[in-house]
Amino acid sequence: MLILLTNDDGIFAPGLAAIYNELKKMGEVYIVAPALEQSGVSQSLTFRTPLVVKDVFINDKRWGWGVEGSPADCVKIGVNVVCPRKPDIIVSGINWGQNGGTNILYSGTLGAARDGGLMGIPSFALSVEDVAAPNFVRAAEISRELMVQILRQMEKEKPSLDVCGNPVPHIYNINMATEALEEENPEILVAPMDTTPYGNRMEERSDTFGRAYYWFVPNRRERRPECLTDMNALGQNKIVVTPLQFDMTNHAQCAVMQQWGLKAPTSEKCQEASEEKNFPKINMRTCHNGKAGRFEV
């Protein structure tokens with residue numbers, strides 16, 4: 001088995017090293033990971049600047065390839081440049097910090113796994129809760145066993161196609177609670193993604209020149225205990241597996257909207273609107289802290 005391994009925490013991340021030691025038992029492993037941490041970049045790609053790839057050695061032995069780009073960049077470099085053939089699976093992790101709920105949309109760990117899924121490669125995103133010293137060794141053992149079990153079940157399934165005739169992707173998001181890693185036989189739950197939004201509060205501060213800058217503050221989420229979701233499972237100190245897909249279409253709403261008869265305006269109306277439009281003068285300056293209203297024109 002040929003395995004491509006990446007990690008948005010960077011090529012020297014402890015979680016990457018831990019899962020590498022377990023993946024070696026499954027097959028040949030190629031490490032292609034960001035040269036620097038790339039958390040929260042989702043599935044972003046670098047296409048306006050060149051991607052620099054660095055050879056990485058530890059004690060004169062090749063460790064992998066460090067990419068000055070995103071985790072998704074690393075997957076593309078790994079598949080198209082580094083690996084001698086198309087990988088059998090792609091593994092992203094083990095990430096230091098959980099990647100459940102709506103954080104799936106922002107996570108660089110999941111971005112790499114989704115990119116692998118787009119290529120038709122079974123992909124796994126692995127994460128542990130953000131504590132001072134995660135038990136990466138135990139997390140890696142559990143992750144390997146879960147991946148082996150999932151791959152065995154996949155072999156029994158008949159390939160299925162989506163509405164476009166493309167193969168349905170196999171993307172699995174695995175999150176591990178800290179307490180579960182200490183148990184002899186932790187419970188594994190399969191649960192959907194929690195759609196409860198995180199808080200979006202921004203904290204304002206001032207630099208030494210009095211200019212405003214902002215920190216994103218992830219507020220505590222409110223969980224609904226009656227729902228079985230990935231975040232609730234983590235709150236119950238479980239290990240949770242969530243299968244993911246690409247199609248974000250609201251199919252029920254799509255069917256309704258197809259009956260609305262939506263129409264575009266005529267070209268004459270568009271021309272009239274364009275002629276009447278007054279384009280503003282553009283002026284961008286750094287905001288200074290002060291009383292409310294500083295953003296008024």
# chains A, B, ... in the order shown; residues from 1 in each chain; ligands from 1
call {"tool": "residues_around", "arguments": {"residues": "segment 41-47 of chain A", "least_positions_apart": "4", "cutoff": "8 Å", "atoms": "only C-alpha atoms", "output": "list in words"}}
result
Leu51, Gly69, Ser70, Pro71, Ala72, Asp73, Leu105, Tyr106, Ser107, Gly108, Thr109, Leu110, Gly111, Ala112, Arg114 and Asp115 of chain A
call {"tool": "write_last_selection", "arguments": {"atoms": "all heavy atoms", "output": "compact mmCIF listing (two decimals), in the first residue's frame"}}
result
# COMPACT_ATOMS: atom_id res chain seq x y z
N LEU A 51 5.26 27.25 -6.06
CA LEU A 51 5.35 26.41 -4.86
C LEU A 51 6.77 25.90 -4.70
O LEU A 51 7.29 25.19 -5.58
CB LEU A 51 4.39 25.22 -4.97
CG LEU A 51 2.92 25.48 -4.64
CD1 LEU A 51 2.09 24.26 -4.98
CD2 LEU A 51 2.76 25.84 -3.17
N GLY A 69 3.45 26.06 1.23
CA GLY A 69 2.08 26.22 0.76
C GLY A 69 1.12 25.57 1.73
O GLY A 69 1.46 25.24 2.87
N SER A 70 -0.11 25.39 1.28
CA SER A 70 -1.18 24.87 2.11
C SER A 70 -1.17 23.34 2.14
O SER A 70 -0.49 22.70 1.34
CB SER A 70 -2.53 25.36 1.57
OG SER A 70 -2.80 24.71 0.33
N PRO A 71 -1.95 22.73 3.05
CA PRO A 71 -2.07 21.27 3.04
C PRO A 71 -2.62 20.73 1.72
O PRO A 71 -2.18 19.67 1.26
CB PRO A 71 -3.03 20.99 4.20
CG PRO A 71 -2.82 22.14 5.13
CD PRO A 71 -2.58 23.33 4.24
N ALA A 72 -3.57 21.43 1.11
CA ALA A 72 -4.08 20.99 -0.19
C ALA A 72 -2.99 21.07 -1.25
O ALA A 72 -2.91 20.20 -2.13
CB ALA A 72 -5.30 21.83 -0.60
N ASP A 73 -2.15 22.10 -1.19
CA ASP A 73 -0.99 22.16 -2.08
C ASP A 73 -0.12 20.92 -1.91
O ASP A 73 0.38 20.36 -2.89
CB ASP A 73 -0.14 23.40 -1.77
CG ASP A 73 -0.80 24.70 -2.19
OD1 ASP A 73 -1.57 24.70 -3.16
OD2 ASP A 73 -0.51 25.73 -1.54
N LEU A 105 -15.24 23.15 7.98
CA LEU A 105 -15.22 24.02 6.81
C LEU A 105 -13.94 24.85 6.73
O LEU A 105 -13.53 25.26 5.64
CB LEU A 105 -16.43 24.95 6.83
CG LEU A 105 -17.80 24.27 6.91
CD1 LEU A 105 -18.90 25.31 7.07
CD2 LEU A 105 -18.04 23.41 5.68
N TYR A 106 -13.31 25.11 7.88
CA TYR A 106 -12.14 25.99 7.92
C TYR A 106 -10.83 25.22 8.04
O TYR A 106 -9.76 25.75 7.76
CB TYR A 106 -12.25 26.95 9.11
CG TYR A 106 -13.51 27.78 9.12
CD1 TYR A 106 -14.59 27.45 9.93
CD2 TYR A 106 -13.63 28.90 8.31
CE1 TYR A 106 -15.75 28.20 9.94
CE2 TYR A 106 -14.78 29.67 8.31
CZ TYR A 106 -15.83 29.32 9.13
OH TYR A 106 -16.97 30.07 9.13
N SER A 107 -10.87 24.00 8.47
CA SER A 107 -9.68 23.24 8.84
C SER A 107 -8.77 22.93 7.66
O SER A 107 -9.22 22.42 6.63
CB SER A 107 -10.12 21.93 9.52
OG SER A 107 -9.05 21.02 9.56
N GLY A 108 -7.47 23.20 7.83
CA GLY A 108 -6.49 22.78 6.84
C GLY A 108 -6.33 21.28 6.80
O GLY A 108 -6.04 20.69 5.75
N THR A 109 -6.50 20.63 7.96
CA THR A 109 -6.46 19.18 8.03
C THR A 109 -7.52 18.57 7.11
O THR A 109 -7.25 17.65 6.33
CB THR A 109 -6.68 18.69 9.47
OG1 THR A 109 -5.71 19.29 10.33
CG2 THR A 109 -6.58 17.18 9.57
N LEU A 110 -8.75 19.08 7.21
CA LEU A 110 -9.83 18.59 6.35
C LEU A 110 -9.65 19.03 4.92
O LEU A 110 -10.07 18.33 3.98
CB LEU A 110 -11.18 19.07 6.89
CG LEU A 110 -11.89 18.17 7.91
CD1 LEU A 110 -12.21 16.81 7.32
CD2 LEU A 110 -11.09 18.01 9.18
N GLY A 111 -9.03 20.20 4.71
CA GLY A 111 -8.79 20.66 3.34
C GLY A 111 -7.94 19.68 2.56
O GLY A 111 -8.20 19.39 1.39
N ALA A 112 -6.91 19.13 3.22
CA ALA A 112 -6.05 18.14 2.56
C ALA A 112 -6.83 16.87 2.26
O ALA A 112 -6.71 16.29 1.17
CB ALA A 112 -4.85 17.84 3.45
N ARG A 114 -10.08 16.54 1.83
CA ARG A 114 -11.05 16.79 0.77
C ARG A 114 -10.37 16.79 -0.60
O ARG A 114 -10.93 16.31 -1.59
CB ARG A 114 -11.79 18.11 1.00
CG ARG A 114 -12.80 18.07 2.13
CD ARG A 114 -13.75 19.26 2.06
NE ARG A 114 -13.04 20.52 2.16
CZ ARG A 114 -12.79 21.15 3.30
NH1 ARG A 114 -13.19 20.62 4.45
NH2 ARG A 114 -12.17 22.31 3.32
N ASP A 115 -9.16 17.35 -0.66
CA ASP A 115 -8.46 17.38 -1.93
C ASP A 115 -8.13 15.97 -2.39
O ASP A 115 -8.19 15.66 -3.58
CB ASP A 115 -7.19 18.23 -1.82
CG ASP A 115 -6.88 18.95 -3.10
OD1 ASP A 115 -7.60 19.90 -3.44
OD2 ASP A 115 -5.93 18.56 -3.80
call {"tool": "closest_residue", "arguments": {"among": "A:Thr286, A:Asn80, A:Asn95, A:Gln153", "to": "Ala13 of chain A", "atoms": "only C-alpha atoms"}}
result
A:Asn95
call {"tool": "atom_distance", "arguments": {"atom1": "atom CA of Val53 of chain A", "atom2": "atom CA of Ile3 of chain A"}}
result
18.9 Å
call {"tool": "closest_atom_pairs", "arguments": {"of": "segment 60-96 of chain A", "to": "segment 157-175 of chain A", "cutoff": "10 Å", "atoms": "only C-alpha atoms", "output": "CSV"}}
result
residue,atom,partner,partner_atom,distance
A:Ile89,CA,A:His170,CA,9.8
A:Ile90,CA,A:Ile171,CA,9.5
A:Val91,CA,A:Tyr172,CA,9.8
A:Ser92,CA,A:Asn173,CA,9.6
A:Gly93,CA,A:Ile174,CA,9.8
A:Ile94,CA,A:Asn175,CA,9.4
A:Asn95,CA,A:Asn175,CA,9.3
call {"tool": "write_last_selection", "arguments": {"atoms": "N, CA and C atoms", "output": "mmCIF file, in the first residue's frame"}}
result
data_model
loop_
_atom_site.group_PDB
_atom_site.id
_atom_site.type_symbol
_atom_site.label_atom_id
_atom_site.label_comp_id
_atom_site.auth_asym_id
_atom_site.auth_seq_id
_atom_site.Cartn_x
_atom_site.Cartn_y
_atom_site.Cartn_z
ATOM 1 N N ILE A 89 -4.108 5.601 -0.301
ATOM 2 C CA ILE A 89 -4.859 6.407 0.663
ATOM 3 C C ILE A 89 -4.066 7.680 0.974
ATOM 4 N N ILE A 90 -4.778 8.674 1.466
ATOM 5 C CA ILE A 90 -4.154 9.910 1.949
ATOM 6 C C ILE A 90 -4.559 10.101 3.399
ATOM 7 N N VAL A 91 -3.589 10.421 4.228
ATOM 8 C CA VAL A 91 -3.833 10.642 5.654
ATOM 9 C C VAL A 91 -3.381 12.054 6.007
ATOM 10 N N SER A 92 -4.254 12.796 6.679
ATOM 11 C CA SER A 92 -3.958 14.159 7.101
ATOM 12 C C SER A 92 -4.066 14.234 8.618
ATOM 13 N N GLY A 93 -2.931 14.445 9.272
ATOM 14 C CA GLY A 93 -2.942 14.502 10.740
ATOM 15 C C GLY A 93 -1.688 13.877 11.327
ATOM 16 N N ILE A 94 -1.689 13.601 12.593
ATOM 17 C CA ILE A 94 -2.779 13.836 13.541
ATOM 18 C C ILE A 94 -2.731 15.303 13.961
ATOM 19 N N ASN A 95 -3.846 15.992 13.783
ATOM 20 C CA ASN A 95 -3.884 17.414 14.101
ATOM 21 C C ASN A 95 -3.967 17.641 15.606
#
call {"tool": "closest_residue", "arguments": {"among": "A:Lys238, A:Val79, A:Lys156, A:Val52", "to": "Ile121 of chain A", "atoms": "only C-alpha atoms"}}
result
A:Val79
call {"tool": "select_by_dssp", "arguments": {"residues": "segment 9-212 of chain A", "states": "helix (DSSP H, G or I)", "output": "ChimeraX atom specification"}}
result
/A:14-23,71-82,101-105,108-118,136-156,178-181
call {"tool": "residues_around", "arguments": {"residues": "Gly15 of chain A", "least_positions_apart": "4", "cutoff": "12 Å", "atoms": "only C-alpha atoms", "output": "ChimeraX atom specification"}}
result
/A:5-11,19-22,91-97,109,125-130,133-141,143
call {"tool": "closest_residue", "arguments": {"among": "A:Leu146, A:Tyr30, A:Gly199, A:Gly117", "to": "Gly78 of chain A", "atoms": "only C-alpha atoms"}}
result
A:Tyr30
